[in-house]
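Asker: Dropping in model.cif, which is mmCIF, C-alpha atoms and all ligand atoms:
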data_upload
#
loop_
_atom_site.group_PDB
_atom_site.id
_atom_site.type_symbol
_atom_site.label_atom_id
_atom_site.label_comp_id
_atom_site.auth_asym_id
_atom_site.auth_seq_id
_atom_site.Cartn_x
_atom_site.Cartn_y
_atom_site.Cartn_z
ATOM 1 C CA MET A 1 117.327 91.834 95.215
ATOM 2 C CA ASN A 2 120.304 94.134 95.175
ATOM 3 C CA SER A 3 123.600 92.273 94.800
ATOM 4 C CA ASP A 4 126.177 94.622 96.385
ATOM 5 C CA THR A 5 127.540 92.795 99.467
ATOM 6 C CA ASN A 6 127.867 95.843 101.755
ATOM 7 C CA TRP A 7 124.434 97.066 100.780
ATOM 8 C CA LEU A 8 122.969 93.628 101.370
ATOM 9 C CA SER A 9 124.466 93.169 104.824
ATOM 10 C CA MET A 10 123.298 96.637 105.926
ATOM 11 C CA ALA A 11 119.836 96.014 104.476
ATOM 12 C CA ASP A 12 119.728 92.702 106.349
ATOM 13 C CA LEU A 13 120.670 94.429 109.631
ATOM 14 C CA VAL A 14 117.858 96.922 109.060
ATOM 15 C CA LEU A 15 115.430 94.099 108.286
ATOM 16 C CA ARG A 16 116.400 92.257 111.491
ATOM 17 C CA GLU A 17 115.848 95.434 113.525
ATOM 18 C CA LEU A 18 112.437 95.948 111.931
ATOM 19 C CA TYR A 19 111.482 92.351 112.767
ATOM 20 C CA ARG A 20 112.686 92.830 116.376
ATOM 21 C CA ALA A 21 110.777 96.097 116.735
ATOM 22 C CA HIS A 22 107.619 94.587 115.257
ATOM 23 C CA ASP A 23 107.840 91.639 117.664
ATOM 24 C CA GLU A 24 108.218 94.014 120.638
ATOM 25 C CA LEU A 25 105.458 96.403 119.581
ATOM 26 C CA THR A 26 102.932 93.661 118.876
ATOM 27 C CA ARG A 27 103.443 91.812 122.167
ATOM 28 C CA GLU A 28 100.415 93.626 123.556
ATOM 29 C CA ARG A 29 98.229 92.733 120.564
ATOM 30 C CA GLU A 30 95.136 90.801 121.601
ATOM 31 C CA THR A 31 95.207 87.515 119.719
ATOM 32 C CA ALA A 32 93.549 84.112 119.740
ATOM 33 C CA CYS A 33 96.446 82.614 117.758
ATOM 34 C CA ALA A 34 98.361 79.737 119.354
ATOM 35 C CA PRO A 35 100.955 77.132 118.352
ATOM 36 C CA GLY A 36 99.396 74.543 116.074
ATOM 37 C CA CYS A 37 96.859 76.993 114.625
ATOM 38 C CA ALA A 38 98.306 77.520 111.174
ATOM 39 C CA ALA A 39 95.339 78.488 109.018
ATOM 40 C CA CYS A 40 97.259 81.489 107.673
ATOM 41 C CA CYS A 41 100.207 79.243 106.679
ATOM 42 C CA ARG A 42 97.986 77.760 104.015
ATOM 43 C CA ASP A 43 97.528 81.049 102.290
ATOM 44 C CA ARG A 44 99.669 82.966 99.831
ATOM 45 C CA VAL A 45 102.604 84.621 101.544
ATOM 46 C CA GLN A 46 104.014 87.732 99.870
ATOM 47 C CA LEU A 47 107.511 88.944 100.703
ATOM 48 C CA THR A 48 110.478 90.903 99.432
ATOM 49 C CA THR A 49 113.584 89.359 97.915
ATOM 50 C CA LEU A 50 115.571 90.634 100.917
ATOM 51 C CA GLU A 51 113.258 88.746 103.272
ATOM 52 C CA ALA A 52 113.608 85.565 101.205
ATOM 53 C CA ALA A 53 117.416 85.919 101.213
ATOM 54 C CA HIS A 54 117.288 86.358 105.011
ATOM 55 C CA LEU A 55 115.149 83.228 105.355
ATOM 56 C CA VAL A 56 117.458 81.167 103.136
ATOM 57 C CA GLU A 57 120.558 82.403 104.992
ATOM 58 C CA HIS A 58 118.961 81.534 108.334
ATOM 59 C CA LEU A 59 118.234 77.978 107.172
ATOM 60 C CA ARG A 60 121.821 77.611 105.916
ATOM 61 C CA LEU A 61 123.204 78.860 109.254
ATOM 62 C CA VAL A 62 121.095 76.437 111.285
ATOM 63 C CA GLY A 63 121.951 73.561 108.925
ATOM 64 C CA ARG A 64 118.392 72.850 107.738
ATOM 65 C CA GLU A 65 119.308 71.526 104.316
ATOM 66 C CA ASP A 66 116.044 69.592 104.313
ATOM 67 C CA LEU A 67 114.065 72.850 104.504
ATOM 68 C CA LEU A 68 116.238 74.481 101.864
ATOM 69 C CA GLU A 69 115.377 71.588 99.574
ATOM 70 C CA ARG A 70 111.698 72.101 100.314
ATOM 71 C CA LEU A 71 112.033 75.801 99.505
ATOM 72 C CA ALA A 72 113.847 74.992 96.270
ATOM 73 C CA GLY A 73 110.943 72.674 95.407
ATOM 74 C CA ALA A 74 108.503 75.549 95.960
ATOM 75 C CA ALA A 75 110.516 78.031 93.865
ATOM 76 C CA SER A 76 108.740 78.737 90.626
ATOM 77 C CA PRO A 77 108.752 81.799 88.355
ATOM 78 C CA GLU A 78 104.953 81.651 88.096
ATOM 79 C CA VAL A 79 102.705 83.978 86.214
ATOM 80 C CA TYR A 80 101.030 85.045 89.471
ATOM 81 C CA ARG A 81 102.145 88.547 90.253
ATOM 82 C CA PRO A 82 100.825 91.099 92.751
ATOM 83 C CA ALA A 83 99.309 94.192 91.145
ATOM 84 C CA TRP A 84 101.342 96.487 93.395
ATOM 85 C CA SER A 85 103.743 96.586 96.324
ATOM 86 C CA MET A 86 102.750 98.367 99.545
ATOM 87 C CA ASN A 87 104.829 101.448 98.721
ATOM 88 C CA ALA A 88 103.397 101.563 95.187
ATOM 89 C CA LEU A 89 99.901 101.415 96.691
ATOM 90 C CA ALA A 90 100.809 104.166 99.191
ATOM 91 C CA ARG A 91 102.259 106.308 96.358
ATOM 92 C CA MET A 92 99.040 105.983 94.342
ATOM 93 C CA CYS A 93 96.937 106.609 97.424
ATOM 94 C CA LEU A 94 98.862 109.810 98.275
ATOM 95 C CA ALA A 95 98.519 110.988 94.642
ATOM 96 C CA GLN A 96 94.793 110.146 94.764
ATOM 97 C CA GLU A 97 95.232 107.750 91.836
ATOM 98 C CA GLU A 98 93.122 104.643 91.421
ATOM 99 C CA PRO A 99 95.323 101.563 91.943
ATOM 100 C CA PRO A 100 95.063 98.754 89.379
ATOM 101 C CA ALA A 101 92.770 95.891 90.357
ATOM 102 C CA GLU A 102 94.378 93.111 92.337
ATOM 103 C CA SER A 103 95.373 90.251 90.097
ATOM 104 C CA ASP A 104 94.358 86.630 90.636
ATOM 105 C CA PRO A 105 96.336 85.028 93.481
ATOM 106 C CA PRO A 106 97.966 81.615 93.108
ATOM 107 C CA PRO A 107 96.009 78.646 94.488
ATOM 108 C CA ALA A 108 96.216 78.365 98.290
ATOM 109 C CA ARG A 109 98.485 75.571 99.470
ATOM 110 C CA PRO A 110 100.448 74.811 102.630
ATOM 111 C CA CYS A 111 103.709 76.688 103.026
ATOM 112 C CA PRO A 112 106.755 74.433 102.463
ATOM 113 C CA LEU A 113 108.051 75.468 105.903
ATOM 114 C CA LEU A 114 104.986 74.180 107.739
ATOM 115 C CA ALA A 115 105.291 70.830 109.556
ATOM 116 C CA ASP A 116 102.955 69.435 112.206
ATOM 117 C CA GLY A 117 101.157 72.760 112.361
ATOM 118 C CA LEU A 118 104.336 74.662 113.242
ATOM 119 C CA CYS A 119 106.606 76.998 111.285
ATOM 120 C CA GLN A 120 110.049 75.401 110.939
ATOM 121 C CA ALA A 121 111.739 78.781 110.412
ATOM 122 C CA TYR A 122 109.798 80.850 112.948
ATOM 123 C CA GLU A 123 112.654 83.223 113.867
ATOM 124 C CA ALA A 124 113.248 84.165 110.233
ATOM 125 C CA ARG A 125 109.662 84.131 108.965
ATOM 126 C CA PRO A 126 108.685 87.044 106.711
ATOM 127 C CA LEU A 127 106.771 90.088 107.927
ATOM 128 C CA ALA A 128 103.568 88.834 106.266
ATOM 129 C CA CYS A 129 103.608 85.887 108.678
ATOM 130 C CA ARG A 130 104.375 88.136 111.664
ATOM 131 C CA THR A 131 101.314 90.272 110.923
ATOM 132 C CA MET A 132 98.923 87.306 110.777
ATOM 133 C CA ALA A 133 96.927 87.571 113.981
ATOM 134 C CA SER A 134 93.260 87.384 114.803
ATOM 135 C CA ARG A 135 91.260 88.445 117.843
ATOM 136 C CA ARG A 136 89.022 85.401 117.350
ATOM 137 C CA ARG A 137 89.843 81.920 116.137
ATOM 138 C CA CYS A 138 89.525 82.016 112.342
ATOM 139 C CA PRO A 139 86.590 80.028 110.956
ATOM 140 C CA PRO A 140 87.538 77.357 108.367
ATOM 141 C CA ASP A 141 88.475 79.224 105.178
ATOM 142 C CA GLY A 142 87.447 82.427 106.954
ATOM 143 C CA GLN A 143 89.079 85.790 107.512
ATOM 144 C CA ALA A 144 91.126 86.869 110.513
ATOM 145 C CA GLU A 145 89.560 89.576 112.678
ATOM 146 C CA GLN A 146 91.976 92.415 113.350
ATOM 147 C CA ASP A 147 91.899 95.632 115.356
ATOM 148 C CA PRO A 148 92.228 98.563 112.892
ATOM 149 C CA TRP A 149 95.186 100.061 114.810
ATOM 150 C CA TRP A 150 97.266 96.934 114.303
ATOM 151 C CA VAL A 151 96.359 96.900 110.607
ATOM 152 C CA THR A 152 97.699 100.458 110.369
ATOM 153 C CA LEU A 153 100.897 99.611 112.247
ATOM 154 C CA ASP A 154 101.467 96.444 110.201
ATOM 155 C CA THR A 155 101.015 98.437 106.999
ATOM 156 C CA VAL A 156 103.675 100.915 108.133
ATOM 157 C CA PHE A 157 106.036 97.999 108.814
ATOM 158 C CA PHE A 158 105.333 96.565 105.344
ATOM 159 C CA GLN A 159 106.311 99.930 103.900
ATOM 160 C CA LEU A 160 109.517 100.129 105.965
ATOM 161 C CA VAL A 161 110.510 96.543 105.126
ATOM 162 C CA GLU A 162 109.974 97.362 101.451
ATOM 163 C CA GLN A 163 112.111 100.502 101.818
ATOM 164 C CA ALA A 164 114.917 98.297 103.164
ATOM 165 C CA ASP A 165 114.858 96.436 99.821
ATOM 166 C CA ALA A 166 114.207 99.378 97.471
ATOM 167 C CA GLY A 167 115.251 98.265 93.991
ATOM 168 C CA GLY A 168 114.653 94.631 94.916
ATOM 169 C CA GLY A 169 111.548 92.581 94.180
ATOM 170 C CA PHE A 170 108.246 91.777 95.867
ATOM 171 C CA GLY A 171 105.865 88.936 95.138
ATOM 172 C CA TYR A 172 104.516 85.560 96.116
ATOM 173 C CA LEU A 173 106.783 83.009 97.787
ATOM 174 C CA GLY A 174 107.410 80.817 94.706
ATOM 175 C CA PRO A 175 108.630 83.522 92.298
ATOM 176 C CA VAL A 176 110.629 85.351 95.000
ATOM 177 C CA LEU A 177 112.392 82.114 95.964
ATOM 178 C CA ALA A 178 113.059 81.362 92.305
ATOM 179 C CA LEU A 179 115.001 84.614 91.981
ATOM 180 C CA VAL A 180 116.814 84.369 95.315
ATOM 181 C CA LEU A 181 117.887 80.785 94.606
ATOM 182 C CA GLY A 182 119.430 81.837 91.299
ATOM 183 C CA GLY A 183 116.585 81.488 88.828
ATOM 184 C CA GLU A 184 114.491 83.823 86.737
ATOM 185 C CA ALA A 185 112.942 87.097 87.901
ATOM 186 C CA ARG A 186 109.351 86.551 86.795
ATOM 187 C CA GLY A 187 106.159 87.366 88.619
ATOM 188 C CA LEU A 188 107.651 90.161 90.765
ATOM 189 C CA VAL A 189 107.005 93.876 91.143
ATOM 190 C CA ALA A 190 109.769 96.312 92.117
ATOM 191 C CA CYS A 191 110.239 97.381 95.741
ATOM 192 C CA GLU A 192 109.870 101.162 95.858
ATOM 193 C CA ASN A 193 111.088 103.910 98.138
ATOM 194 C CA LEU A 194 108.780 104.936 100.954
ATOM 195 C CA PRO A 195 106.592 107.714 99.460
ATOM 196 C CA GLY A 196 104.963 108.703 102.762
ATOM 197 C CA LEU A 197 102.557 107.048 105.154
ATOM 198 C CA PRO A 198 98.853 107.325 104.255
ATOM 199 C CA VAL A 199 97.568 106.759 107.780
ATOM 200 C CA PRO A 200 93.906 107.134 108.864
ATOM 201 C CA PRO A 201 93.390 110.378 110.838
ATOM 202 C CA GLN A 202 92.349 108.518 114.003
ATOM 203 C CA HIS A 203 95.718 106.738 114.151
ATOM 204 C CA GLN A 204 98.044 109.622 113.303
ATOM 205 C CA ALA A 205 98.844 110.761 116.852
ATOM 206 C CA ARG A 206 99.452 107.219 118.092
ATOM 207 C CA LEU A 207 101.618 106.462 115.089
ATOM 208 C CA GLN A 208 103.700 109.606 115.615
ATOM 209 C CA ALA A 209 104.316 108.529 119.211
ATOM 210 C CA THR A 210 105.338 105.067 117.977
ATOM 211 C CA LEU A 211 107.489 106.156 115.045
ATOM 212 C CA GLY A 212 109.809 108.424 117.057
ATOM 213 C CA PRO A 213 111.268 105.664 119.272
ATOM 214 C CA LEU A 214 111.091 103.156 116.411
ATOM 215 C CA LEU A 215 113.211 105.209 114.007
ATOM 216 C CA ALA A 216 115.632 106.132 116.810
ATOM 217 C CA ARG A 217 116.536 102.481 117.468
ATOM 218 C CA PRO A 218 120.253 101.935 116.868
ATOM 219 C CA VAL A 219 121.494 99.909 113.899
ATOM 220 C CA ALA A 220 125.276 99.573 113.585
ATOM 221 C CA GLY A 221 125.996 102.956 115.178
ATOM 222 C CA GLN A 222 123.268 104.961 113.443
ATOM 223 C CA SER A 223 119.548 105.324 113.908
ATOM 224 C CA LEU A 224 117.171 103.014 112.082
ATOM 225 C CA GLY A 225 115.670 106.087 110.398
ATOM 226 C CA MET A 226 119.072 107.139 108.995
ATOM 227 C CA ARG A 227 119.828 103.603 107.870
ATOM 228 C CA LEU A 228 116.501 103.416 106.054
ATOM 229 C CA GLN A 229 117.225 106.768 104.458
ATOM 230 C CA SER A 230 120.596 105.488 103.204
ATOM 231 C CA LEU A 231 118.843 102.515 101.559
ATOM 232 C CA ARG A 232 116.708 104.767 99.357
ATOM 233 C CA ARG A 233 117.274 104.246 95.643
ATOM 234 C CA ASP A 234 117.132 106.934 92.941
HETATM 235 S S1 LIG A 301 107.109 80.918 106.757
HETATM 236 FE FE1 LIG A 301 106.369 79.913 108.621
HETATM 237 S S2 LIG A 301 104.816 81.314 109.464
HETATM 238 FE FE2 LIG A 301 105.133 81.882 107.322
HETATM 239 S S3 LIG A 301 103.576 80.775 106.128
HETATM 240 FE FE3 LIG A 301 105.453 79.500 106.152
HETATM 241 S S4 LIG A 301 105.183 78.118 107.893
HETATM 242 FE FE4 LIG A 301 103.725 79.802 108.159
#
Can I see the file as structure tokens?

Answerer:
Amino acid sequence: MNSDTNWLSMADLVLRELYRAHDELTRERETACAPGCAACCRDRVQLTTLEAAHLVEHLRLVGREDLLERLAGAASPEVYRPAWSMNALARMCLAQEEPPAESDPPPARPCPLLADGLCQAYEARPLACRTMASRRRCPPDGQAEQDPWWVTLDTVFFQLVEQADAGGGFGYLGPVLALVLGGEARGLVACENLPGLPVPPQHQARLQATLGPLLARPVAGQSLGMRLQSLRRD
């Protein structure tokens, strides 16, 4: 996570706008998901350090010290580390390089913010949680079923959210929390600048039509696209 206060508050504004836009764009997504169905909350959430800082700040603002304690209990600089971030994967894809094999994930366990089948920090949940949707009810221990267009759009949002935290870190919940709550930076990969969008040909026209209005959304007097550009790191 970058520590400059002005940078952080602007990055957080950009993150909030990306969350808002994602919520609006995915309202029409066909989904069988409903409150109380939390199969995906028992999996391994990956997020950026900026997203974790946003989540922690939200819980402080709403006075949920109990949840902050739970998060602190889940913070651990584990050895589990993703093999790449989404922008690193896109960079390798655009350069036609073979990405390294995915590393072993941590054991699946319920998210510390899950209670009675509901997310206790729903408004501030990370993008990974916002993209969890299935057209059919997931079978026990089974995979979600997603329309390929939404997978493409979600991937673009992952890349933009990572751009908002370029220079920060990306990883599983435990190690990211450990860093954000003042501990060690272990088990993370670096958030990279957006290298481009490797989008399947059949989705390019629809994405172009979506990206124009998305990047034109206002954030503190400038467009989201310009704000994202200003968050690029050398
Ligand atoms: S943050 Fe909320 S939505 Fe995401 S895994 Fe945890 S309980 Fe589920």

Asker: Could you jot down the atom CA of A:Glu65 to atom CA of A:Leu177 separation for me, Å, one decimal place?

Answerer: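 One can read the atom CA of A:Glu65 to atom CA of A:Leu177 distance as 15.2 Å.
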
Asker: Can you tell me which residues surround stretch 153-158 of chain A at a distance of at most 7 Å, considering all atoms listed in the file, apart from same-chain residues fewer than 3 positions away, and format the answer as a compact mmCIF listing (two decimals) with C-alpha atoms, in the coordinates of the input?

Answerer:
# COMPACT_ATOMS: atom_id res chain seq x y z
CA MET A 86 102.75 98.37 99.54
CA THR A 131 101.31 90.27 110.92
CA TRP A 149 95.19 100.06 114.81
CA TRP A 150 97.27 96.93 114.30
CA VAL A 161 110.51 96.54 105.13
CA GLU A 162 109.97 97.36 101.45
CA LEU A 197 102.56 107.05 105.15

Asker: Quick one: residues within 12 Å of stretch 222-226 of chain A, all atoms listed in the file counted, chain neighbours fewer than 3 positions away excluded, as a list in words?

Answerer: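 What passes the distance filter is Met10, Ala11, Leu13, Val14, Leu15, Arg16, Glu17, Leu18, Arg20, Ala21, Leu160, Val161, Gln163, Ala164, Leu194, Leu211, Gly212, Pro213, Leu214, Leu215, Ala216, Arg217, Pro218, Val219, Gln229, Ser230, Leu231 and Arg232 of chain A.
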
Asker: List as a PyMOL selection string the protein and nucleic acid residues lying within 12 Å of ligand LIG 301 (chain A), with only C-alpha atoms and all ligand atoms counted.

Answerer: chain A and resi 33-47+51-52+54-56+58-59+67+70-71+74+108-133+172-174

Asker: Apply the PyMOL selection byres (((chain A and resi 29) around 9) and not hetatm) to the displayed file and report the matching residues as an NGL selection string.

Answerer: :A and (25-28 or 30-31 or 133 or 135 or 147 or 150)

Asker: Any chance you could export the current selection's C-alpha atoms as a compact mmCIF listing (two decimals), in the coordinates of the input?

Answerer:
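Full text of out-v2.txt as output:
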# COMPACT_ATOMS: atom_id res chain seq x y z
CA LEU A 25 105.46 96.40 119.58
CA THR A 26 102.93 93.66 118.88
CA ARG A 27 103.44 91.81 122.17
CA GLU A 28 100.42 93.63 123.56
CA GLU A 30 95.14 90.80 121.60
CA THR A 31 95.21 87.52 119.72
CA ALA A 133 96.93 87.57 113.98
CA ARG A 135 91.26 88.44 117.84
CA ASP A 147 91.90 95.63 115.36
CA TRP A 150 97.27 96.93 114.30

Asker: What's the separation between atom CA of A:Val199 and atom CA of A:Thr152, in Å to one decimal place?

Answerer: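 Between atom CA of A:Val199 and atom CA of A:Thr152 the gap is 6.8 Å.
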
Asker: Mind giving me the straight-line distance from atom CA of A:Gln146 to atom CA of A:Ser134 in Å, one decimal?

Answerer: 5.4 Å

Asker: Choose the residue, out of A:Asn87, A:Val62, A:Pro77, A:Tyr19, that has the smallest atom-to-atom separation from A:Ala178; count all atoms listed in the file.

Answerer: A:Pro77

Asker: What do you get, as a list of chain:residue names, if you spell out every residue that the PyMOL selection byres (((chain A and resi 166) around 6) and not hetatm) selects here?

Answerer: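 Given this file, the PyMOL selection byres (((chain A and resi 166) around 6) and not hetatm) evaluates to A:Gln163, A:Ala164, A:Asp165, A:Gly167, A:Gly168, A:Cys191, A:Glu192, A:Asn193.
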
Asker: Select, from A:Arg186, A:Arg137, A:His22, A:Arg91, the residue with the minimum atom-to-atom distance to A:Ala75, counting only C-alpha atoms.

Answerer: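 That would be A:Arg186, the residue with the smallest distance to A:Ala75.
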
Asker: Pick out the residues sitting within 9 Å of stretch 79-83 of chain A, and hand them over as an MDAnalysis selection string; count only C-alpha atoms, and ignore anything fewer than 2 positions along from it in its own chain.

Answerer: chainID A and resid 46 77 85 99:106 170:172 175 186:189
